[in-house]
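One file, target-v7.tsv, carrying TSV, C-alpha atoms:
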chain	number	residue	atom	x	y	z
Y	100	GLY	CA	18.77	7.53	-6.53
Y	101	ALA	CA	15.38	9.19	-6.47
Y	102	GLY	CA	12.39	7.25	-5.28
Y	103	VAL	CA	8.91	7.27	-6.74
Y	104	SER	CA	7.59	10.79	-7.11
Y	105	GLN	CA	4.04	11.99	-7.54
Y	106	SER	CA	2.54	15.33	-8.48
Y	107	PRO	CA	0.71	17.29	-7.44
Y	108	ARG	CA	0.95	16.42	-3.77
Y	109	TYR	CA	-2.40	18.06	-3.06
Y	110	LYS	CA	-5.29	18.73	-5.39
Y	111	VAL	CA	-8.60	20.38	-4.66
Y	112	ALA	CA	-11.21	19.97	-7.36
Y	113	LYS	CA	-14.79	21.09	-7.62
Y	114	ARG	CA	-17.29	18.36	-8.24
Y	115	GLY	CA	-17.54	17.71	-11.94
Y	116	GLN	CA	-13.99	18.78	-12.80
Y	117	ASP	CA	-11.47	16.51	-14.44
Y	118	VAL	CA	-8.13	15.85	-12.72
Y	119	ALA	CA	-4.84	14.28	-13.79
Y	120	LEU	CA	-2.40	12.78	-11.31
Y	121	ARG	CA	1.15	12.01	-12.32
Y	122	CYS	CA	3.54	9.29	-11.18
Y	123	ASP	CA	7.26	9.04	-11.92
Y	124	PRO	CA	8.43	5.54	-10.97
Y	125	ILE	CA	11.96	4.53	-10.09
Y	126	SER	CA	14.02	4.43	-13.27
Y	127	GLY	CA	14.09	0.97	-14.80
Y	128	HIS	CA	11.16	-0.39	-12.82
Y	129	VAL	CA	8.98	-2.51	-15.03
Y	130	SER	CA	5.83	-2.66	-12.93
Y	131	LEU	CA	3.70	0.27	-11.85
Y	132	PHE	CA	0.66	0.18	-9.61
Y	133	TRP	CA	-2.00	2.71	-8.60
Y	134	TYR	CA	-3.83	2.43	-5.30
Y	135	GLN	CA	-6.60	4.50	-3.72
Y	136	GLN	CA	-6.57	5.09	0.02
Y	137	ALA	CA	-9.70	6.49	1.61
Y	138	LEU	CA	-9.52	8.05	5.07
Y	139	GLY	CA	-9.04	5.41	7.75
Y	140	GLN	CA	-8.64	2.59	5.25
Y	141	GLY	CA	-5.77	0.65	3.77
Y	142	PRO	CA	-4.72	1.23	0.17
Y	143	GLU	CA	-6.93	-0.46	-2.43
Y	144	PHE	CA	-5.65	-1.62	-5.80
Y	145	LEU	CA	-6.80	0.30	-8.85
Y	146	THR	CA	-4.69	-0.75	-11.81
Y	147	TYR	CA	-1.36	-2.24	-12.87
Y	148	PHE	CA	1.08	-1.74	-15.75
Y	149	GLN	CA	3.90	-3.88	-16.98
Y	150	ASN	CA	5.96	-1.47	-19.06
Y	151	GLU	CA	3.37	0.32	-21.22
Y	152	ALA	CA	0.80	-2.47	-21.11
Y	153	GLN	CA	-2.10	-2.10	-18.70
Y	154	LEU	CA	-2.54	-5.70	-17.60
Y	155	ASP	CA	-5.09	-5.31	-14.84
Y	156	LYS	CA	-7.62	-2.55	-14.36
Y	157	SER	CA	-10.06	-4.53	-12.27
Y	158	GLY	CA	-9.87	-2.10	-9.36
Y	159	LEU	CA	-10.92	1.04	-11.21
Y	160	PRO	CA	-14.21	2.01	-9.55
Y	161	SER	CA	-15.94	3.41	-12.63
Y	162	ASP	CA	-15.40	4.35	-16.24
Y	163	ARG	CA	-14.59	7.87	-15.04
Y	164	PHE	CA	-11.18	6.54	-14.02
Y	165	PHE	CA	-8.55	6.09	-16.69
Y	166	ALA	CA	-4.82	5.38	-16.45
Y	167	GLU	CA	-2.05	5.32	-19.00
Y	168	ARG	CA	1.69	4.75	-19.22
Y	169	PRO	CA	2.41	5.36	-22.90
Y	170	GLU	CA	6.20	5.02	-22.89
Y	171	GLY	CA	6.55	2.57	-20.07
Y	172	SER	CA	7.82	5.07	-17.51
Y	173	VAL	CA	5.68	8.01	-16.34
Y	174	SER	CA	2.04	7.20	-15.65
Y	175	THR	CA	-1.03	9.40	-15.40
Y	176	LEU	CA	-4.23	8.60	-13.57
Y	177	LYS	CA	-7.14	10.66	-14.86
Y	178	ILE	CA	-10.46	11.08	-13.15
Y	179	GLN	CA	-13.26	12.62	-15.14
Y	180	ARG	CA	-16.26	14.44	-13.66
Y	181	THR	CA	-14.97	14.07	-10.12
Y	182	GLN	CA	-17.40	13.16	-7.35
Y	183	GLN	CA	-17.09	13.65	-3.60
Y	184	GLU	CA	-16.52	9.92	-3.11
Y	185	ASP	CA	-13.34	10.25	-5.19
Y	186	SER	CA	-11.73	12.18	-2.32
Y	187	ALA	CA	-8.80	10.04	-1.20
Y	188	VAL	CA	-5.03	9.71	-1.32
Y	189	TYR	CA	-3.87	8.19	-4.59
Y	190	LEU	CA	-0.69	6.17	-4.24
Y	191	CYS	CA	1.63	5.06	-6.97
Y	192	ALA	CA	4.11	2.22	-6.51
Y	193	SER	CA	6.70	0.60	-8.72
Y	194	SER	CA	8.65	-2.62	-8.63
Y	195	LEU	CA	11.69	-3.79	-10.53
Y	196	ARG	CA	10.21	-6.95	-12.03
Y	197	TRP	CA	6.65	-8.03	-12.69
Y	198	THR	CA	7.00	-10.94	-10.29
Y	199	ASP	CA	8.70	-8.87	-7.61
Y	200	ALA	CA	6.16	-8.12	-4.93
Y	201	GLU	CA	8.41	-5.59	-3.18
Y	202	GLN	CA	6.81	-2.34	-4.18
Y	203	TYR	CA	8.23	1.13	-3.61
Y	204	PHE	CA	5.61	3.74	-2.89
Y	205	GLY	CA	5.41	7.38	-3.74
Y	206	PRO	CA	4.25	10.04	-1.26
Y	207	GLY	CA	0.75	10.08	-2.71
Y	208	THR	CA	-1.56	12.76	-4.06
Y	209	ARG	CA	-4.30	13.88	-1.70
Y	210	LEU	CA	-7.40	14.67	-3.76
Y	211	THR	CA	-10.22	16.62	-2.17
Y	212	VAL	CA	-13.42	17.06	-4.16
Y	213	THR	CA	-15.62	19.89	-2.91
J	253	ALA	CA	-11.39	-13.41	-3.34
J	254	GLN	CA	-8.53	-12.42	-1.10
J	255	ARG	CA	-8.95	-10.51	2.12
J	256	VAL	CA	-6.69	-9.22	4.90
J	257	THR	CA	-8.11	-8.51	8.34
J	258	GLN	CA	-6.42	-6.42	11.00
J	259	PRO	CA	-8.89	-6.65	13.88
J	260	GLU	CA	-7.56	-3.76	15.96
J	261	LYS	CA	-7.24	-0.11	14.96
J	262	LEU	CA	-4.99	1.07	17.75
J	263	LEU	CA	-2.44	-0.46	20.08
J	264	SER	CA	-0.88	1.65	22.77
J	265	VAL	CA	2.00	0.27	24.87
J	266	PHE	CA	4.77	1.57	27.08
J	267	LYS	CA	8.38	1.55	25.93
J	268	GLY	CA	9.96	-1.82	26.57
J	269	ALA	CA	6.67	-3.73	26.47
J	270	PRO	CA	6.09	-6.56	23.99
J	271	VAL	CA	4.07	-5.85	20.87
J	272	GLU	CA	1.89	-8.11	18.75
J	273	LEU	CA	0.02	-6.69	15.77
J	274	LYS	CA	-2.52	-9.17	14.49
J	275	CYS	CA	-3.16	-10.05	10.85
J	276	ASN	CA	-5.40	-12.74	9.42
J	277	TYR	CA	-5.90	-13.46	5.76
J	278	SER	CA	-8.12	-15.44	3.43
J	279	TYR	CA	-6.89	-16.64	0.08
J	280	SER	CA	-7.51	-19.87	-1.77
J	281	GLY	CA	-3.98	-20.26	-3.09
J	282	SER	CA	-0.50	-19.80	-1.64
J	283	PRO	CA	0.00	-16.12	-0.90
J	284	GLU	CA	2.96	-13.98	-0.09
J	285	LEU	CA	2.51	-11.89	3.08
J	286	PHE	CA	4.02	-8.53	3.96
J	287	TRP	CA	4.07	-5.90	6.64
J	288	TYR	CA	4.30	-2.30	5.46
J	289	VAL	CA	4.92	0.64	7.79
J	290	GLN	CA	4.20	4.34	7.50
J	291	TYR	CA	5.99	6.64	9.92
J	292	SER	CA	4.65	10.14	10.52
J	293	ARG	CA	4.98	12.30	7.37
J	294	GLN	CA	6.78	9.53	5.49
J	295	ARG	CA	5.72	7.28	2.66
J	296	LEU	CA	4.60	3.70	2.95
J	297	GLN	CA	7.58	1.34	3.05
J	298	LEU	CA	8.14	-2.37	3.27
J	299	LEU	CA	9.03	-3.60	6.76
J	300	LEU	CA	9.30	-7.32	6.11
J	301	ARG	CA	8.01	-10.17	3.95
J	302	HIS	CA	7.46	-13.73	5.05
J	303	ILE	CA	9.67	-15.38	2.45
J	304	SER	CA	12.77	-13.54	3.65
J	305	ARG	CA	12.36	-14.76	7.23
J	306	GLU	CA	14.34	-11.74	8.43
J	307	SER	CA	14.09	-9.73	11.60
J	308	ILE	CA	13.87	-6.04	10.73
J	309	LYS	CA	14.23	-3.42	13.47
J	310	GLY	CA	13.60	-6.21	15.96
J	311	PHE	CA	10.28	-7.17	14.36
J	312	THR	CA	9.47	-10.71	13.25
J	313	ALA	CA	6.43	-12.29	11.66
J	314	ASP	CA	5.69	-15.96	11.13
J	315	LEU	CA	3.27	-17.22	8.54
J	316	ASN	CA	0.86	-19.71	10.12
J	317	LYS	CA	-0.98	-21.38	7.27
J	318	GLY	CA	-3.17	-23.42	9.61
J	319	GLU	CA	-4.51	-20.31	11.30
J	320	THR	CA	-4.10	-18.15	8.19
J	321	SER	CA	-2.29	-15.57	10.28
J	322	PHE	CA	0.80	-13.41	9.92
J	323	HIS	CA	1.12	-11.58	13.23
J	324	LEU	CA	3.90	-9.00	13.68
J	325	LYS	CA	5.83	-9.21	16.94
J	326	LYS	CA	8.52	-7.33	18.78
J	327	PRO	CA	9.68	-8.25	22.30
J	328	PHE	CA	10.60	-4.73	23.45
J	329	ALA	CA	8.89	-1.76	21.83
J	330	GLN	CA	10.75	1.50	21.24
J	331	GLU	CA	9.27	4.99	20.89
J	332	GLU	CA	10.50	5.15	17.29
J	333	ASP	CA	8.27	2.17	16.48
J	334	SER	CA	5.23	4.46	16.71
J	335	ALA	CA	3.68	4.37	13.25
J	336	MET	CA	0.86	2.98	11.13
J	337	TYR	CA	1.30	-0.69	10.21
J	338	TYR	CA	-0.41	-2.45	7.32
J	339	CYS	CA	-0.52	-6.15	6.64
J	340	ALA	CA	-0.71	-7.03	2.94
J	341	LEU	CA	-1.10	-10.08	0.72
J	342	SER	CA	0.00	-10.80	-2.81
J	343	PRO	CA	-0.79	-13.87	-4.93
J	344	THR	CA	2.33	-15.89	-5.61
J	345	GLY	CA	3.42	-15.98	-9.24
J	346	ALA	CA	0.89	-13.40	-10.35
J	347	ASN	CA	1.28	-9.72	-11.04
J	348	SER	CA	1.87	-9.09	-7.35
J	349	LYS	CA	-0.86	-6.52	-6.74
J	350	LEU	CA	-1.24	-6.04	-3.01
J	351	THR	CA	-4.36	-6.45	-0.92
J	352	PHE	CA	-4.02	-4.44	2.30
J	353	GLY	CA	-5.67	-4.60	5.67
J	354	LYS	CA	-7.10	-1.43	7.19
J	355	GLY	CA	-4.00	-0.84	9.25
J	356	ILE	CA	-3.25	-0.40	12.92
J	357	THR	CA	-1.74	2.57	14.71
J	358	LEU	CA	0.98	1.59	17.14
J	359	SER	CA	1.69	4.16	19.81
J	360	VAL	CA	4.68	3.58	22.10
J	361	ARG	CA	4.67	5.79	25.17
J	362	PRO	CA	7.83	6.74	27.06

Full structure transcribed into structure tokens:
Amino acid sequence: GAGVSQSPRYKVAKRGQDVALRCDPISGHVSLFWYQQALGQGPEFLTYFQNEAQLDKSGLPSDRFFAERPEGSVSTLKIQRTQQEDSAVYLCASSLRWTDAEQYFGPGTRLTVT
Amino acid sequence: AQRVTQPEKLLSVFKGAPVELKCNYSYSGSPELFWYVQYSRQRLQLLLRHISRESIKGFTADLNKGETSFHLKKPFAQEEDSAMYYCALSPTGANSKLTFGKGITLSVRP
């Protein structure tokens, strides 16, 4: 079966533009996570969904970041008015159950803000 | 607050040499610990988790609660072990969001 997919794989945005990053989790996976990975760092948690409910958004760095998962499958991470410090790889991961800490990662979207 | 520390950024060894990748954590409760690996041009994937007590690709890791450590070890490194390794922590019984260390690059030379 297909793993977690993300699109686009690469995105270049001019400062001030809005971007939308898409994640398709593994079919049937209840939990979905977004992480941000800056250059030379480990992934950092942004937000978490259980089905369509966003249960934890404590990692979102500002109110310019918004995530949704309206039907409990595909998720979109939106960044408004991008800034240079938003440049990073954005990783999506899914897991079968909400208590299952084994997460399956997508390939990531590399965002470069110029 | 939970934190994962990987004190080294790079470890370079010759094929056949032993490997130990260090990981220390801080967490007030009882965490679950993981090692994730990212091979060149591949996605991040789970290598092993402490509750399974398995040896994967010859790697083992023991949770030492007294020293709050979860070091990854392999007695004889292979060239195909060259990759980026991340130690991660998840609170037990919670929503399982992961806290990662900064990662270490393992380079195994022929």

Considering only C-alpha atoms, return as an mmCIF file with C-alpha atoms, keeping the file's coordinate frame whatever protein or nucleic-acid residues lie within 6 Å of stretch 141-154 of chain Y, sequence-local ones (same chain, fewer than 4 positions apart) excluded.
data_model
loop_
_atom_site.group_PDB
_atom_site.id
_atom_site.type_symbol
_atom_site.label_atom_id
_atom_site.label_comp_id
_atom_site.auth_asym_id
_atom_site.auth_seq_id
_atom_site.Cartn_x
_atom_site.Cartn_y
_atom_site.Cartn_z
ATOM 1 C CA VAL Y 129 8.980 -2.510 -15.030
ATOM 2 C CA SER Y 130 5.830 -2.660 -12.930
ATOM 3 C CA LEU Y 131 3.700 0.270 -11.850
ATOM 4 C CA PHE Y 132 0.660 0.180 -9.610
ATOM 5 C CA TRP Y 133 -2.000 2.710 -8.600
ATOM 6 C CA TYR Y 134 -3.830 2.430 -5.300
ATOM 7 C CA GLN Y 135 -6.600 4.500 -3.720
ATOM 8 C CA GLN Y 136 -6.570 5.090 0.020
ATOM 9 C CA GLY Y 158 -9.870 -2.100 -9.360
ATOM 10 C CA LEU Y 159 -10.920 1.040 -11.210
ATOM 11 C CA ARG Y 168 1.690 4.750 -19.220
ATOM 12 C CA PRO Y 169 2.410 5.360 -22.900
ATOM 13 C CA GLU Y 170 6.200 5.020 -22.890
ATOM 14 C CA GLY Y 171 6.550 2.570 -20.070
ATOM 15 C CA PHE J 352 -4.020 -4.440 2.300
ATOM 16 C CA GLY J 353 -5.670 -4.600 5.670
ATOM 17 C CA LYS J 354 -7.100 -1.430 7.190
ATOM 18 C CA GLY J 355 -4.000 -0.840 9.250
#

Item to check | Atomic distance atom CA of Y:Ser106 - atom CA of Y:Ala119, expressed in Å with one decimal | outcome: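 That distance, rounded to one decimal, is 9.2 Å.
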
Next on the checklist: If I take atom CA of J:Arg361 and atom CA of J:Ser307, how far is one from the other in Å, to one decimal?
Outcome noted: 22.7 Å

Item to check | Nearest candidate to J:Thr257 (options J:Tyr291, J:Phe286, J:Tyr338, J:Phe311; using only C-alpha atoms) | outcome: J:Tyr338

Next on the checklist: Could you work out which residues of chain Y fall inside 6 Å of chain J? Count all atoms listed in the file, and format the result as JSON, numbers by chain.
Outcome noted: {"Y": [140, 141, 197, 198, 200, 204, 206]}

Checklist entry - When you draw a straight line from atom CA of J:Ser334 to atom CA of Y:Ala187, how long is it in Å? => result 23.4 Å

Where is the centre and how long are the edges: axis-aligned box on stretch 323-337 of chain J, 5 Å on each side, Å to one decimal, as lines of an AutoDock Vina configuration file:
center_x = 5.8
center_y = -3.2
center_z = 16.8
size_x = 19.9
size_y = 26.7
size_z = 23.2

What's around J:Leu273 at 7 Å? Count only C-alpha atoms, leave out sequence neighbours fewer than 2 positions away in its own chain, and write the answer as a PDB file with C-alpha atoms, keeping the file's coordinate frame.
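The new file selection.pdb reads:
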ATOM      1  CA  VAL J 271       4.070  -5.850  20.870  1.00  0.00           C
ATOM      2  CA  CYS J 275      -3.160 -10.050  10.850  1.00  0.00           C
ATOM      3  CA  HIS J 323       1.120 -11.580  13.230  1.00  0.00           C
ATOM      4  CA  LEU J 324       3.900  -9.000  13.680  1.00  0.00           C
ATOM      5  CA  LYS J 325       5.830  -9.210  16.940  1.00  0.00           C
TER       6      LYS J 325
END

Next on the checklist: Which residues are close to Y:Gln116, i.e. within 8 Å by all atoms listed in the file, leaving aside same-chain residues fewer than 6 positions away? Reply as a ChimeraX atom specification.
Outcome noted: /Y:179-181

Selected residues, C-alpha atoms, written as a PDB file, keeping the file's coordinate frame, please.
ATOM      1  CA  GLN Y 179     -13.260  12.620 -15.140  1.00  0.00           C
ATOM      2  CA  ARG Y 180     -16.260  14.440 -13.660  1.00  0.00           C
ATOM      3  CA  THR Y 181     -14.970  14.070 -10.120  1.00  0.00           C
TER       4      THR Y 181
END

Checklist entry - Mind listing as a ChimeraX atom specification all residues within 10 Å of (-10.9, 12.1, -14.0), counting all atoms listed in the file? => result /Y:115-120,162-166,176-182,185

Next on the checklist: Quick one: residues within 10 Å of J:Glu319, only C-alpha atoms, excluding same-chain residues fewer than 6 positions away - as a list in words?
Outcome noted: Asn276, Tyr277 and Ser278 of chain J

Checklist entry - Which one is closest to Y:Ala192: Y:Glu167, Y:Val111, Y:Ser104, Y:Arg209? Count all atoms listed in the file. => result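 When distances to Y:Ala192 are compared using all atoms listed in the file, the smallest one comes from Y:Ser104.
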
Next on the checklist: My list of candidates is J:Thr312, J:Pro362, J:Ser282, J:Gln254. Which is closest to J:Glu331 when distances are computed with all atoms listed in the file?
Outcome noted: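 Of the candidates, the smallest distance to J:Glu331 is held by J:Pro362.
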
Item to check | Nearest residue to Y:Gly139 from the set J:Ile308, J:Met336, J:Ile303, J:Val265 (distances using only C-alpha atoms) | outcome: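 The shortest atom-to-atom distance to Y:Gly139 comes from J:Met336.
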
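The closest residue to J:Glu306, picked from J:Thr320, J:Glu260, J:Ser280, J:Trp287 and counting all atoms listed in the file, is J:Trp287.
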
Item to check | Within-7 Å shell of (2.6, 13.3, -12.0) in input frame, all atoms listed in the file, as a ChimeraX atom specification | outcome: /Y:105-107,120-123,175

Those residues with C-alpha atoms, as a CSV table (one decimal), in the frame of the given file please?
chain,number,residue,atom,x,y,z
Y,105,GLN,CA,4.0,12.0,-7.5
Y,106,SER,CA,2.5,15.3,-8.5
Y,107,PRO,CA,0.7,17.3,-7.4
Y,120,LEU,CA,-2.4,12.8,-11.3
Y,121,ARG,CA,1.2,12.0,-12.3
Y,122,CYS,CA,3.5,9.3,-11.2
Y,123,ASP,CA,7.3,9.0,-11.9
Y,175,THR,CA,-1.0,9.4,-15.4

Next on the checklist: So that I can check the surroundings of Y:Tyr109, please list as a count of residues only every protein, DNA and RNA residue that reaches within 10 Å of it, counting only C-alpha atoms and ignoring chain neighbours fewer than 5 positions away.
Outcome noted: 7
